[in-house]
file final_9.txt (compact mmCIF, C-alpha atoms and all ligand atoms)
# COMPACT_ATOMS: atom_id res chain seq x y z
CA MET R 1 -8.01 27.34 20.39
CA ALA R 2 -7.77 27.60 24.21
CA SER R 3 -10.52 25.05 24.75
CA LYS R 4 -8.88 22.70 22.23
CA LYS R 5 -5.64 22.87 24.21
CA ALA R 6 -7.46 22.28 27.48
CA SER R 7 -9.28 19.20 26.23
CA ARG R 8 -6.05 17.80 24.78
CA ARG R 9 -4.34 18.24 28.15
CA GLY R 10 -7.32 16.56 29.81
CA PHE R 11 -7.02 13.66 27.41
CA LEU R 12 -3.34 13.23 28.11
CA LYS R 13 -3.90 13.41 31.89
CA ALA R 14 -6.71 10.90 31.88
CA GLY R 15 -4.78 8.77 29.40
CA ALA R 16 -7.92 7.08 28.08
CA ALA R 17 -10.03 7.62 24.99
CA ALA R 18 -13.21 7.09 27.04
CA ALA R 19 -12.41 10.19 29.09
CA ALA R 20 -12.02 12.26 25.91
CA VAL R 21 -15.41 11.12 24.63
CA GLY R 22 -16.95 12.17 27.97
CA ALA R 23 -15.27 15.56 27.71
CA ILE R 24 -16.82 16.24 24.30
CA LYS R 25 -20.32 15.43 25.60
CA THR R 26 -20.10 17.86 28.51
CA THR R 27 -19.01 20.76 26.29
CA GLY R 28 -22.40 20.70 24.57
CA ALA R 29 -20.60 20.70 21.21
CA GLU R 30 -23.75 19.61 19.34
CA ALA R 31 -25.66 22.72 20.30
CA ALA R 32 -22.79 24.98 19.23
CA LEU R 33 -22.20 23.17 15.91
CA PRO R 34 -21.68 25.91 13.31
CA GLN R 35 -23.73 25.72 10.14
CA ALA R 36 -21.86 24.82 6.97
CA GLN R 37 -21.22 27.82 4.74
CA PRO R 38 -23.82 28.07 1.98
CA PRO R 39 -22.18 26.94 -1.27
CA LYS R 40 -21.17 29.62 -3.75
CA SER R 41 -22.98 27.75 -6.49
CA LEU R 42 -24.45 24.36 -7.23
CA LYS R 43 -21.22 23.56 -9.05
CA ASP R 44 -19.24 23.98 -5.81
CA LEU R 45 -21.65 21.73 -3.99
CA VAL R 46 -21.79 18.77 -6.35
CA ALA R 47 -19.34 19.00 -9.24
CA TYR R 48 -15.87 19.17 -7.69
CA GLY R 49 -15.02 19.20 -3.99
CA GLU R 50 -13.32 22.01 -2.14
CA ARG R 51 -11.53 21.94 1.18
CA SER R 52 -12.92 23.67 4.25
CA ARG R 53 -12.24 27.39 4.44
CA PHE R 54 -10.57 26.64 7.80
CA VAL R 55 -7.87 24.56 6.08
CA THR R 56 -5.21 26.92 4.86
CA SER R 57 -1.99 25.01 4.07
CA VAL R 58 -0.38 26.34 0.91
CA ARG R 59 2.70 25.91 -1.27
CA VAL R 60 5.35 28.63 -1.46
CA PRO R 61 8.14 29.34 -3.96
CA VAL R 62 11.69 28.33 -2.99
CA VAL R 63 12.83 31.24 -0.82
CA ASP R 64 16.33 31.95 -2.04
CA ARG R 65 16.03 31.28 -5.75
CA PRO R 66 15.24 34.25 -7.91
CA SER R 67 11.51 34.61 -8.02
CA PRO R 68 10.23 35.41 -10.53
CA ASP R 69 12.86 33.50 -12.53
CA GLN R 70 14.59 34.52 -15.79
CA PHE R 71 11.42 33.69 -17.68
CA GLY R 72 9.49 36.08 -15.45
CA LEU R 73 7.89 33.04 -13.85
CA ILE R 74 8.24 31.17 -10.56
CA PHE R 75 10.85 28.39 -10.39
CA HIS R 76 10.50 25.42 -7.96
CA ILE R 77 7.54 25.43 -5.54
CA LEU R 78 7.63 23.88 -2.03
CA THR R 79 4.96 21.59 -0.52
CA PRO R 80 3.82 22.26 3.10
CA LEU R 81 5.17 19.02 4.66
CA GLN R 82 4.55 20.37 8.18
CA GLU R 83 0.77 20.26 7.64
CA GLN R 84 0.52 16.98 5.75
CA VAL R 85 -0.86 13.85 7.41
CA GLY R 86 -0.34 10.29 6.17
CA ASN R 87 1.82 9.39 3.19
CA ILE R 88 0.10 10.88 0.15
CA THR R 89 0.56 14.51 -0.87
CA PRO R 90 -2.72 16.09 -1.98
CA SER R 91 -2.38 16.67 -5.75
CA SER R 92 -3.05 20.39 -5.35
CA LEU R 93 -0.14 20.65 -2.89
CA HIS R 94 2.37 18.45 -4.79
CA PHE R 95 5.70 20.28 -5.06
CA VAL R 96 6.45 21.66 -8.53
CA GLY R 97 9.81 21.40 -10.23
CA THR R 98 9.98 23.15 -13.54
CA HIS R 99 12.42 25.10 -15.59
CA ARG R 100 9.61 27.02 -17.15
CA GLY R 101 7.82 28.46 -14.14
CA ALA R 102 4.47 27.76 -12.54
CA ILE R 103 2.59 28.43 -15.76
CA VAL R 104 2.71 25.21 -17.75
CA PRO R 105 1.77 23.86 -21.19
CA ASP R 106 -1.98 23.71 -21.77
CA LEU R 107 -2.28 20.38 -23.58
CA ASP R 108 -5.38 18.81 -25.07
CA PRO R 109 -5.21 15.04 -24.33
CA LYS R 110 -7.13 14.34 -27.54
CA GLU R 111 -4.33 15.96 -29.57
CA HIS R 112 -1.28 14.96 -27.54
CA LYS R 113 0.86 12.07 -28.78
CA PHE R 114 3.75 10.16 -27.21
CA MET R 115 6.32 8.50 -29.46
CA ILE R 116 8.94 5.77 -28.93
CA HIS R 117 11.59 5.63 -31.65
CA GLY R 118 15.34 5.19 -32.22
CA MET R 119 16.83 1.70 -31.87
CA VAL R 120 13.51 -0.16 -32.08
CA ASP R 121 12.00 -2.50 -34.69
CA ARG R 122 8.67 -0.64 -34.75
CA PRO R 123 8.64 3.07 -33.85
CA LEU R 124 5.21 3.73 -32.33
CA GLU R 125 3.11 6.73 -31.46
CA PHE R 126 0.41 6.59 -28.78
CA THR R 127 -2.46 8.87 -27.88
CA VAL R 128 -3.52 8.95 -24.24
CA ASP R 129 -6.57 6.82 -25.06
CA GLU R 130 -4.36 4.26 -26.80
CA LEU R 131 -2.11 4.08 -23.74
CA LYS R 132 -5.18 3.45 -21.60
CA ARG R 133 -5.88 0.27 -23.59
CA PHE R 134 -2.73 -1.30 -22.14
CA PRO R 135 -2.95 -3.04 -18.73
CA SER R 136 -2.46 -0.26 -16.18
CA VAL R 137 -0.53 -0.28 -12.93
CA SER R 138 -0.97 2.01 -9.92
CA ARG R 139 1.99 2.51 -7.62
CA ILE R 140 2.81 4.87 -4.77
CA HIS R 141 6.13 6.68 -5.29
CA PHE R 142 7.85 9.80 -4.07
CA ILE R 143 9.45 12.34 -6.38
CA GLU R 144 12.25 14.50 -5.00
CA CYS R 145 14.12 17.32 -6.68
CA LEU R 146 17.90 17.31 -6.54
CA GLY R 147 17.58 20.86 -5.18
CA ASN R 148 16.05 19.57 -1.91
CA HIS R 149 18.93 20.74 0.31
CA SER R 150 18.59 21.87 3.90
CA LYS R 151 20.50 25.01 4.80
CA PRO R 152 20.98 26.73 8.20
CA GLU R 153 19.08 29.80 7.02
CA TYR R 154 15.95 27.77 6.14
CA LYS R 155 13.45 28.00 9.00
CA THR R 156 10.67 25.46 8.33
CA VAL R 157 10.50 21.89 7.05
CA GLN R 158 8.70 23.30 4.01
CA GLU R 159 11.87 25.23 3.21
CA THR R 160 14.36 22.49 4.16
CA HIS R 161 12.53 19.48 2.62
CA GLY R 162 9.51 20.76 0.65
CA LEU R 163 10.81 19.64 -2.75
CA THR R 164 9.55 16.09 -2.30
CA SER R 165 6.02 14.72 -2.56
CA CYS R 166 4.34 11.34 -2.88
CA SER R 167 1.42 10.28 -5.05
CA GLU R 168 -0.28 7.16 -6.34
CA TRP R 169 0.67 7.19 -10.02
CA THR R 170 -1.28 5.22 -12.62
CA GLY R 171 -0.01 4.37 -16.06
CA VAL R 172 1.64 1.78 -18.27
CA PRO R 173 4.95 0.08 -17.43
CA MET R 174 7.67 1.41 -19.73
CA SER R 175 8.91 -2.17 -20.23
CA LEU R 176 5.58 -3.13 -21.82
CA LEU R 177 5.73 -0.24 -24.32
CA LEU R 178 9.39 -0.94 -25.15
CA LYS R 179 8.59 -4.62 -25.79
CA GLU R 180 5.74 -3.52 -28.04
CA CYS R 181 8.28 -1.51 -30.08
CA GLY R 182 10.95 -4.25 -30.04
CA VAL R 183 14.22 -2.92 -28.61
CA GLN R 184 17.18 -3.64 -30.89
CA LYS R 185 20.52 -5.20 -29.94
CA GLY R 186 23.08 -2.70 -28.75
CA ALA R 187 20.54 -0.34 -27.21
CA ALA R 188 21.64 0.71 -23.72
CA TRP R 189 20.03 4.08 -22.86
CA ILE R 190 16.85 6.01 -23.49
CA VAL R 191 16.54 9.75 -23.90
CA SER R 192 13.25 11.32 -22.84
CA GLU R 193 11.79 14.62 -23.93
CA GLY R 194 8.94 16.84 -22.81
CA LEU R 195 7.37 19.23 -25.24
CA GLU R 196 8.00 22.68 -23.75
CA GLU R 197 10.93 24.90 -24.73
CA VAL R 198 13.48 23.43 -22.32
CA LYS R 199 12.28 19.85 -22.96
CA GLY R 200 12.92 18.41 -19.45
CA GLY R 201 14.87 15.64 -21.16
CA GLY R 202 17.26 13.15 -19.65
CA SER R 203 19.34 10.06 -20.42
CA ILE R 204 18.33 6.98 -18.43
CA ARG R 205 19.81 3.49 -18.57
CA LEU R 206 17.66 0.99 -20.50
CA ALA R 207 17.90 -1.39 -17.50
CA LYS R 208 15.99 1.13 -15.36
CA ALA R 209 13.40 1.63 -18.11
CA MET R 210 12.85 -2.15 -18.23
CA ASP R 211 12.73 -2.38 -14.44
CA ASP R 212 10.11 -0.09 -12.85
CA MET R 213 9.64 3.01 -14.99
CA MET R 214 6.13 4.04 -15.96
CA VAL R 215 4.41 6.33 -18.43
CA ALA R 216 1.80 7.83 -16.11
CA TYR R 217 -1.51 9.50 -16.91
CA GLY R 218 -3.06 9.30 -13.44
CA GLN R 219 -2.29 10.86 -10.08
CA ASN R 220 -4.22 10.05 -6.90
CA GLY R 221 -7.23 8.71 -8.76
CA GLU R 222 -7.62 11.40 -11.41
CA PRO R 223 -5.68 12.63 -14.45
CA LEU R 224 -2.27 14.19 -13.74
CA ARG R 225 -2.41 17.83 -12.69
CA PRO R 226 -1.09 20.23 -15.38
CA GLN R 227 1.83 21.19 -13.12
CA GLN R 228 2.67 17.48 -12.77
CA GLY R 229 2.83 16.97 -16.55
CA PHE R 230 -0.76 16.53 -17.83
CA PRO R 231 -1.54 14.50 -19.84
CA LEU R 232 1.57 12.24 -19.68
CA ARG R 233 4.76 12.04 -17.66
CA LEU R 234 7.55 9.61 -16.88
CA ILE R 235 7.80 8.13 -13.40
CA VAL R 236 11.34 6.99 -12.64
CA PRO R 237 10.96 5.59 -9.11
CA GLY R 238 13.69 6.54 -6.65
CA PHE R 239 15.73 8.63 -9.11
CA GLU R 240 16.37 12.37 -8.95
CA GLY R 241 13.23 14.34 -9.76
CA VAL R 242 14.64 15.74 -12.98
CA TYR R 243 14.33 12.35 -14.75
CA ASN R 244 10.53 12.30 -14.30
CA THR R 245 9.91 14.10 -17.60
CA LYS R 246 6.57 15.93 -17.68
CA TRP R 247 4.41 16.74 -20.74
CA LEU R 248 6.15 13.66 -22.16
CA ARG R 249 6.43 13.75 -25.95
CA ARG R 250 8.99 11.11 -26.86
CA VAL R 251 11.47 8.51 -25.76
CA LYS R 252 14.35 7.68 -28.05
CA VAL R 253 16.14 4.37 -27.58
CA VAL R 254 19.89 4.87 -28.06
CA ASP R 255 23.24 3.13 -27.60
CA ARG R 256 24.95 5.60 -25.28
CA TYR R 257 24.51 8.42 -22.82
CA TYR R 258 23.34 11.62 -24.48
CA MET R 259 23.92 15.00 -22.95
CA THR R 260 20.71 16.99 -22.43
CA TYR R 261 19.65 20.27 -20.90
CA ASN R 262 19.21 18.39 -17.62
CA ASP R 263 22.92 17.77 -17.13
CA TYR R 264 23.27 21.47 -16.35
CA GLY R 265 26.65 21.09 -18.07
CA HIS R 266 28.10 19.11 -15.14
CA ILE R 267 28.81 15.87 -16.96
CA GLN R 268 32.26 16.18 -18.51
CA LYS R 269 33.84 12.74 -18.79
CA GLU R 270 32.94 9.09 -19.38
CA GLU R 271 33.97 8.20 -15.79
CA GLU R 272 31.50 10.75 -14.48
CA ILE R 273 28.67 9.11 -16.39
CA ALA R 274 29.60 5.73 -14.89
CA ALA R 275 29.73 7.22 -11.38
CA MET R 276 26.58 9.30 -11.73
CA THR R 277 24.49 9.15 -8.56
CA VAL R 278 20.93 9.36 -9.72
CA GLN R 279 19.20 7.33 -7.03
CA TRP R 280 18.13 8.83 -3.72
CA GLY R 281 19.66 7.28 -0.60
CA PRO R 282 17.69 6.68 2.61
CA LYS R 283 16.24 9.94 3.91
CA SER R 284 13.80 11.12 6.57
CA VAL R 285 12.66 14.27 8.31
CA ILE R 286 10.61 15.05 11.40
CA THR R 287 7.61 17.17 10.41
CA PHE R 288 6.37 17.66 14.00
CA PRO R 289 7.92 19.23 15.96
CA SER R 290 9.78 21.07 13.22
CA GLY R 291 11.19 24.54 12.59
CA GLY R 292 8.82 27.43 13.24
CA GLN R 293 6.39 25.35 15.34
CA GLN R 294 5.70 26.00 19.01
CA LEU R 295 5.14 23.44 21.79
CA PRO R 296 2.66 24.82 24.33
CA GLY R 297 4.56 23.33 27.29
CA PRO R 298 6.19 20.21 28.75
CA GLY R 299 4.24 16.99 28.28
CA VAL R 300 3.60 14.08 25.95
CA TYR R 301 3.77 14.59 22.18
CA GLN R 302 3.80 12.37 19.13
CA ILE R 303 6.94 13.02 17.13
CA THR R 304 6.05 12.33 13.51
CA GLY R 305 7.58 12.62 10.08
CA LEU R 306 8.28 10.97 6.74
CA ALA R 307 10.99 8.56 5.61
CA TRP R 308 11.78 7.30 2.10
CA SER R 309 14.53 5.79 -0.03
CA GLY R 310 15.31 5.46 -3.71
CA GLY R 311 16.76 2.03 -2.85
CA GLY R 312 13.40 0.42 -2.01
CA LYS R 313 11.29 0.10 1.14
CA VAL R 314 11.99 1.84 4.42
CA ARG R 315 13.02 -0.88 6.88
CA LYS R 316 13.45 1.17 10.06
CA VAL R 317 13.25 4.74 11.35
CA GLU R 318 14.99 5.81 14.55
CA ILE R 319 14.55 9.00 16.52
CA SER R 320 17.01 10.74 18.80
CA ALA R 321 15.98 13.38 21.33
CA ASP R 322 19.55 14.04 22.48
CA GLY R 323 21.30 15.24 19.35
CA GLY R 324 22.20 11.79 18.04
CA GLN R 325 23.72 10.18 21.16
CA THR R 326 20.93 7.63 21.67
CA TRP R 327 18.28 6.37 19.25
CA LYS R 328 14.85 4.78 19.67
CA GLU R 329 12.98 2.90 16.95
CA ALA R 330 9.87 4.71 15.72
CA GLU R 331 6.60 3.05 14.80
CA ILE R 332 5.51 2.81 11.18
CA PRO R 333 1.72 2.82 11.44
CA GLY R 334 0.83 2.28 7.76
CA GLU R 335 1.75 -0.01 4.91
CA VAL R 336 5.30 0.41 3.60
CA HIS R 337 5.65 0.86 -0.16
CA SER R 338 8.85 0.72 -2.19
CA LYS R 339 10.38 4.11 -3.05
CA ALA R 340 7.53 5.88 -1.26
CA HIS R 341 7.04 8.29 1.62
CA THR R 342 6.53 6.33 4.82
CA ARG R 343 4.94 7.96 7.87
CA PHE R 344 6.62 7.27 11.23
CA GLY R 345 5.71 8.25 14.79
CA LEU R 346 6.98 7.97 18.35
CA ASN R 347 5.48 9.08 21.67
CA TRP R 348 7.83 11.46 23.46
CA LYS R 349 7.70 13.16 26.81
CA TRP R 350 9.22 16.62 26.70
CA ASP R 351 10.55 17.71 30.10
CA GLY R 352 10.85 21.37 29.13
CA GLN R 353 14.65 21.30 28.69
CA GLU R 354 16.34 22.42 25.48
CA CYS R 355 17.02 19.39 23.25
CA THR R 356 17.77 18.40 19.66
CA LEU R 357 15.51 16.01 17.73
CA MET R 358 16.69 13.94 14.77
CA SER R 359 15.41 11.05 12.68
CA ARG R 360 17.33 8.57 10.58
CA CYS R 361 16.16 6.00 8.07
CA THR R 362 17.48 2.54 7.23
CA ASP R 363 16.23 1.10 3.93
CA GLU R 364 15.75 -2.49 2.81
CA LEU R 365 19.25 -2.52 1.30
CA GLY R 366 20.62 -1.83 4.80
CA GLN R 367 21.72 1.69 3.86
CA LEU R 368 21.65 4.13 6.80
CA GLN R 369 20.92 7.85 6.49
CA PRO R 370 24.10 9.76 7.39
CA MET R 371 24.92 12.65 9.72
CA ARG R 372 26.42 15.63 7.95
CA SER R 373 29.94 14.68 9.16
CA GLN R 374 29.52 11.07 7.94
CA LEU R 375 28.45 12.31 4.52
CA ALA R 376 31.58 14.47 4.41
CA GLN R 377 33.73 11.48 5.44
CA HIS R 378 32.12 9.35 2.72
CA PHE R 379 33.13 11.91 0.09
CA HIS R 380 36.65 12.29 1.61
CA GLU R 381 36.01 15.83 2.79
CA PRO R 382 36.75 17.38 6.21
CA PRO R 383 33.93 16.83 8.80
CA ASP R 384 32.71 20.44 8.60
CA TYR R 385 32.83 20.57 4.80
CA TYR R 386 29.07 20.74 4.23
CA LYS R 387 28.72 23.69 6.60
CA THR R 388 29.94 25.85 3.78
CA HIS R 389 29.45 23.69 0.67
CA GLY R 390 26.37 22.28 -0.97
CA VAL R 391 26.24 18.49 -1.38
CA GLN R 392 27.12 17.39 -4.92
CA GLY R 393 24.26 15.16 -5.97
CA THR R 394 21.47 13.88 -3.74
CA ASP R 395 21.58 15.30 -0.21
CA ASN R 396 20.13 12.86 2.34
CA MET R 397 21.80 14.08 5.53
CA ILE R 398 20.03 13.94 8.91
CA GLN R 399 18.01 17.06 9.76
CA PRO R 400 18.30 18.28 13.38
CA TRP R 401 15.56 20.40 15.03
CA ARG R 402 16.32 22.24 18.29
CA VAL R 403 13.49 22.56 20.81
CA ALA R 404 14.26 25.61 22.99
CA SER R 405 13.14 25.70 26.64
CA ASP R 406 10.30 28.08 25.67
CA GLY R 407 8.93 25.39 23.33
CA SER R 408 9.93 27.14 20.11
CA VAL R 409 11.47 24.86 17.45
CA HIS R 410 14.42 25.84 15.23
CA ASN R 411 16.59 24.49 12.43
CA ALA R 412 19.66 23.18 14.28
CA LEU R 413 21.96 23.04 11.25
CA VAL R 414 24.68 25.62 11.86
N1 LIG S 501 9.19 18.59 -19.27
C1 LIG S 501 9.70 18.83 -18.06
N2 LIG S 501 9.78 17.81 -17.17
C2 LIG S 501 10.29 18.02 -15.95
C3 LIG S 501 10.79 19.30 -15.57
C4 LIG S 501 10.70 20.35 -16.53
O1 LIG S 501 11.09 21.49 -16.27
N3 LIG S 501 10.15 20.07 -17.77
N4 LIG S 501 11.32 19.47 -14.32
C5 LIG S 501 11.87 18.28 -13.68
C6 LIG S 501 12.28 18.51 -12.31
S1 LIG S 501 13.65 19.48 -12.08
C7 LIG S 501 11.65 17.90 -11.26
S2 LIG S 501 12.27 18.03 -9.69
C8 LIG S 501 10.41 17.11 -11.44
C9 LIG S 501 9.33 17.60 -10.49
O2 LIG S 501 8.12 16.96 -10.67
P1 LIG S 501 6.80 17.67 -10.10
O3 LIG S 501 6.75 19.08 -10.61
O4 LIG S 501 5.65 16.84 -10.53
O5 LIG S 501 6.92 17.69 -8.59
O6 LIG S 501 9.94 17.18 -12.77
C10 LIG S 501 10.94 17.06 -13.77
N5 LIG S 501 10.35 16.97 -15.07
MO MO S 502 14.19 19.44 -9.84
call {"tool": "encode", "arguments": {"input": "final_9.txt", "output": "C-alpha cells", "more": "lines below"}}
Ligand SMILES: Nc1nc2c(c(=O)[nH]1)N[C@H]1C(S)=C(S)[C@@H](COP(=O)(O)O)O[C@H]1N2
Ligand SMILES: [Mo]
result
Amino acid sequence: MASKKASRRGFLKAGAAAAAVGAIKTTGAEAALPQAQPPKSLKDLVAYGERSRFVTSVRVPVVDRPSPDQFGLIFHILTPLQEQVGNITPSSLHFVGTHRGAIVPDLDPKEHKFMIHGMVDRPLEFTVDELKRFPSVSRIHFIECLGNHSKPEYKTVQETHGLTSCSEWTGVPMSLLLKECGVQKGAAWIVSEGLEEVKGGGSIRLAKAMDDMMVAYGQNGEPLRPQQGFPLRLIVPGFEGVYNTKWLRRVKVVDRYYMTYNDYGHIQKEEEIAAMTVQWGPKSVITFPSGGQQLPGPGVYQITGLAWSGGGKVRKVEISADGGQTWKEAEIPGEVHSKAHTRFGLNWKWDGQECTLMSRCTDELGQLQPMRSQLAQHFHEPPDYYKTHGVQGTDNMIQPWRVASDGSVHNALV
C-alpha cells in the first residue's frame, strides 16, 4: 500500500504518464509478479468467471430497517457505490428491493408464463422463449428505490444512496406486446403483478407502457439474476423502483387506477392519483471522496460520482468545493444514456483545509437538482423541514460531504 501511495505521488509530481511508466520499470515489478492462485477446480477456471480474491466490495442490508424483516428475511440490500467504476453496476452487486427478503422465487424459465389480459382484443400468454422471438432491444437504465433517502446518521454513500443501480436490460418493448394483444378503447392504465406472495404489483399509465417500458429477460449480457426477477421483469425507465415488477406473471389492461399492495395505503383520493410523483428528478452523488473515506494528504484528486434523472439524459453536472457557494462544471467522460447512471469527474486540488463537497445535476428537461432548503421551499415547507422529516416521494436533494483537515470524509447533512 505504501509503495502504491508513493508512486501515485510521484506521478502527480511529475505530471506525465511517461514518468509513471518509467517508475514501474525501475521497481522490478515483473520479477515480483505473484503467481495466480491455482483454481479450485476446472469449473472455476473455464465455466464461469470469478473476481480476484483481492476484490472485496460487497452489498449490505439497509442499516436501520429491521433485519431480518417480518418474514425472517432481509429487506432492501445496498450496492457499494463507493467502489464502483464506470456506469454499469455488476449484476452480482445490483441493489435488491424486495418485500419478500433476499431469498427469492426459484423459477424454471421453461415453465414460467407471462400473460397480458383485461381490456384487449386477444389475451395472450408468452413463455420466455416465445418472448425471445420478438425483436429485442437493449437499453441502459437505472433503477432506484423510493427508500433511497440520505439521513445524517448514514455514514457512507452505500448507506445514503446504495438503493440505486444501473444495468443494460434486454427484452421486448411493452408497446409491441400490447399491440399484439390489441388494446381496446377506453383503456388507460395497466396493472402489473409478480408471482410471489406480495405480488410486487403496481398501476401504471398506459401512455408510459406505450412509451418506453420493457419486459426484460436479460441483464448485462446474461439472463436476469434471480434477485432481479429471473426469468422476467418489467423495466419502467425513470420511475420509482417499485414499478419494476420482478418475477413478472401478468399485466392487466384496465380503465382506471387500481390500488395495489405497492401503494402502501398512501393513495386516498382521486386528486392524489393525478398528482402522484412517480418519476425521479435529476439526482447525483459524489462517490469519491465520500463518507468514511480518507484522503492521505493535500494534493490533486479526481472527484468522481454518478448522476441520473428519470426525466431523460443528464445534461450537466456541477461540483462545489465550498458548500454550494461556487460551482464548476464536471466532465462526463462516457456516453450519456437516457434515464441512466452517468459518470462524472473533476480534477481538484485539496489544500488541506476543511471543506464541503457537493454535486448537482441538470437534466435534458432543464430540471436542476435541489438543495435541501429548495426542496422544502418547493413543497411549501419551512427551510429546515427535511432536517426532521422524510421527503414524501422521490428524494433527489443534494448530498454534501465534509472533508475534515485530517483528510477524513463525513456526511455533512445535519
Ligand atoms: N415481484 C416483485 N417485484 C418487485 C418488488 C417485489 O418485492 N416483488 N420490489 C420492488 C421494489 S420496492 C424495488 S425498489 C425494485 C428493485 O429492483 P431490484 O431488486 O432489481 O434492484 O423492484 C420492485 N419489484
Ligand atoms: Mo423499493
call {"tool": "atom_distance", "arguments": {"input": "final_9.txt", "atom1": "atom CA of R:Asp212", "atom2": "atom CA of R:Leu131"}}
result
16.9 Å
call {"tool": "closest_atom_pairs", "arguments": {"input": "final_9.txt", "of": "chain R", "to": "ligand LIG 501 (chain S)", "cutoff": "9 Å", "atoms": "all atoms listed in the file", "output": "CSV"}}
result
residue,atom,partner,partner_atom,distance
R:His76,CA,S:LIG501,S2,7.8
R:Ile77,CA,S:LIG501,O3,8.2
R:His94,CA,S:LIG501,O5,6.0
R:Phe95,CA,S:LIG501,O5,4.5
R:Val96,CA,S:LIG501,O3,3.3
R:Gly97,CA,S:LIG501,C9,3.8
R:Thr98,CA,S:LIG501,O1,3.4
R:His99,CA,S:LIG501,O1,3.9
R:Arg100,CA,S:LIG501,O1,5.8
R:Gly101,CA,S:LIG501,O1,8.0
R:Ile143,CA,S:LIG501,O5,6.3
R:Glu144,CA,S:LIG501,S2,5.9
R:Cys145,CA,S:LIG501,S2,3.6
R:Leu146,CA,S:LIG501,S2,6.5
R:Gly147,CA,S:LIG501,S2,7.5
R:Asn148,CA,S:LIG501,S2,8.8
R:Leu163,CA,S:LIG501,S2,7.3
R:Thr164,CA,S:LIG501,O5,7.0
R:Ser165,CA,S:LIG501,O5,6.8
R:Cys166,CA,S:LIG501,O5,8.9
R:Glu193,CA,S:LIG501,N1,6.7
R:Gly194,CA,S:LIG501,N1,4.0
R:Leu195,CA,S:LIG501,N1,6.3
R:Glu196,CA,S:LIG501,N1,6.2
R:Glu197,CA,S:LIG501,N3,8.5
R:Val198,CA,S:LIG501,N3,6.6
R:Lys199,CA,S:LIG501,N1,5.0
R:Gly200,CA,S:LIG501,C1,3.5
R:Gly201,CA,S:LIG501,N1,6.7
R:Leu224,CA,S:LIG501,O4,8.9
R:Arg225,CA,S:LIG501,O4,8.4
R:Pro226,CA,S:LIG501,O4,9.0
R:Gln227,CA,S:LIG501,O3,5.9
R:Gln228,CA,S:LIG501,O4,3.8
R:Gly229,CA,S:LIG501,O4,6.6
R:Arg233,CA,S:LIG501,N2,7.7
R:Leu234,CA,S:LIG501,N5,8.1
R:Glu240,CA,S:LIG501,S2,7.0
R:Gly241,CA,S:LIG501,S2,3.8
R:Val242,CA,S:LIG501,C6,3.7
R:Tyr243,CA,S:LIG501,C10,5.9
R:Asn244,CA,S:LIG501,N5,4.7
R:Thr245,CA,S:LIG501,N2,3.7
R:Lys246,CA,S:LIG501,N2,3.8
R:Trp247,CA,S:LIG501,N1,5.3
R:Leu248,CA,S:LIG501,N1,6.5
R:Arg249,CA,S:LIG501,N1,8.7
R:Asn262,CA,S:LIG501,S1,7.9
call {"tool": "residues_near_point", "arguments": {"input": "final_9.txt", "point": "(25.4, 16.2, 5.8)", "cutoff": "9 Å", "atoms": "all atoms listed in the file", "output": "list in words"}}
result
Pro370, Met371, Arg372, Ser373, Gln374, Leu375, Ala376, Asp384, Tyr385, Tyr386, Lys387, Val391, Asp395, Asn396, Met397, Ile398 and Gln399 of chain R
call {"tool": "atom_distance", "arguments": {"input": "final_9.txt", "atom1": "atom CA of R:Thr56", "atom2": "atom CA of R:Glu153"}}
result
24.6 Å
call {"tool": "residues_around", "arguments": {"input": "final_9.txt", "residues": "R:Ile303", "least_positions_apart": "6", "cutoff": "8 Å", "atoms": "only C-alpha atoms", "output": "PyMOL selection string"}}
result
chain R and resi 286-289+345-348
call {"tool": "atom_distance", "arguments": {"input": "final_9.txt", "atom1": "atom CA of R:His389", "atom2": "atom CA of R:Val236"}}
result
28.0 Å
call {"tool": "closest_residue", "arguments": {"input": "final_9.txt", "among": "R:Cys361, R:Ser405, R:Phe344, R:Gly393", "to": "ligand MO 502 (chain S)", "atoms": "only C-alpha atoms and all ligand atoms"}}
result
R:Gly393
call {"tool": "closest_residue", "arguments": {"input": "final_9.txt", "among": "R:Trp189, R:Tyr217, R:Phe75, R:Phe230", "to": "ligand MO 502 (chain S)", "atoms": "all atoms listed in the file"}}
result
R:Phe75
call {"tool": "closest_residue", "arguments": {"input": "final_9.txt", "among": "R:Leu178, R:Leu78, R:Val414, R:Ala187", "to": "ligand MO 502 (chain S)", "atoms": "only C-alpha atoms and all ligand atoms"}}
result
R:Leu78
call {"tool": "closest_residue", "arguments": {"input": "final_9.txt", "among": "R:Phe239, R:Ile88, R:Gly312, R:Thr326", "to": "ligand MO 502 (chain S)", "atoms": "all atoms listed in the file"}}
result
R:Phe239
call {"tool": "residues_around", "arguments": {"input": "final_9.txt", "residues": "stretch 330-340 of chain R", "least_positions_apart": "2", "cutoff": "8 Å", "atoms": "all atoms listed in the file", "output": "JSON, numbers by chain"}}
result
{"R": [140, 141, 142, 166, 237, 238, 308, 309, 310, 311, 312, 313, 314, 316, 317, 318, 319, 328, 342, 343, 344, 345, 346]}
call {"tool": "closest_residue", "arguments": {"input": "final_9.txt", "among": "R:Gly366, R:Gly162, R:Gly292, R:Pro383", "to": "ligand MO 502 (chain S)", "atoms": "all atoms listed in the file"}}
result
R:Gly162
call {"tool": "closest_residue", "arguments": {"input": "final_9.txt", "among": "R:Phe114, R:Phe54, R:Tyr301, R:Tyr48", "to": "R:Glu130", "atoms": "all atoms listed in the file"}}
result
R:Phe114
call {"tool": "residues_around", "arguments": {"input": "final_9.txt", "residues": "R:Thr362", "least_positions_apart": "5", "cutoff": "6 Å", "atoms": "all atoms listed in the file", "output": "VMD selection string"}}
result
chain R and resid 315 to 316 367 to 368
call {"tool": "residues_around", "arguments": {"input": "final_9.txt", "residues": "stretch 256-258 of chain R", "least_positions_apart": "5", "cutoff": "10 Å", "atoms": "all atoms listed in the file", "output": "NGL selection string"}}
result
:R and (186-191 or 201-206 or 263 or 270 or 273-274)
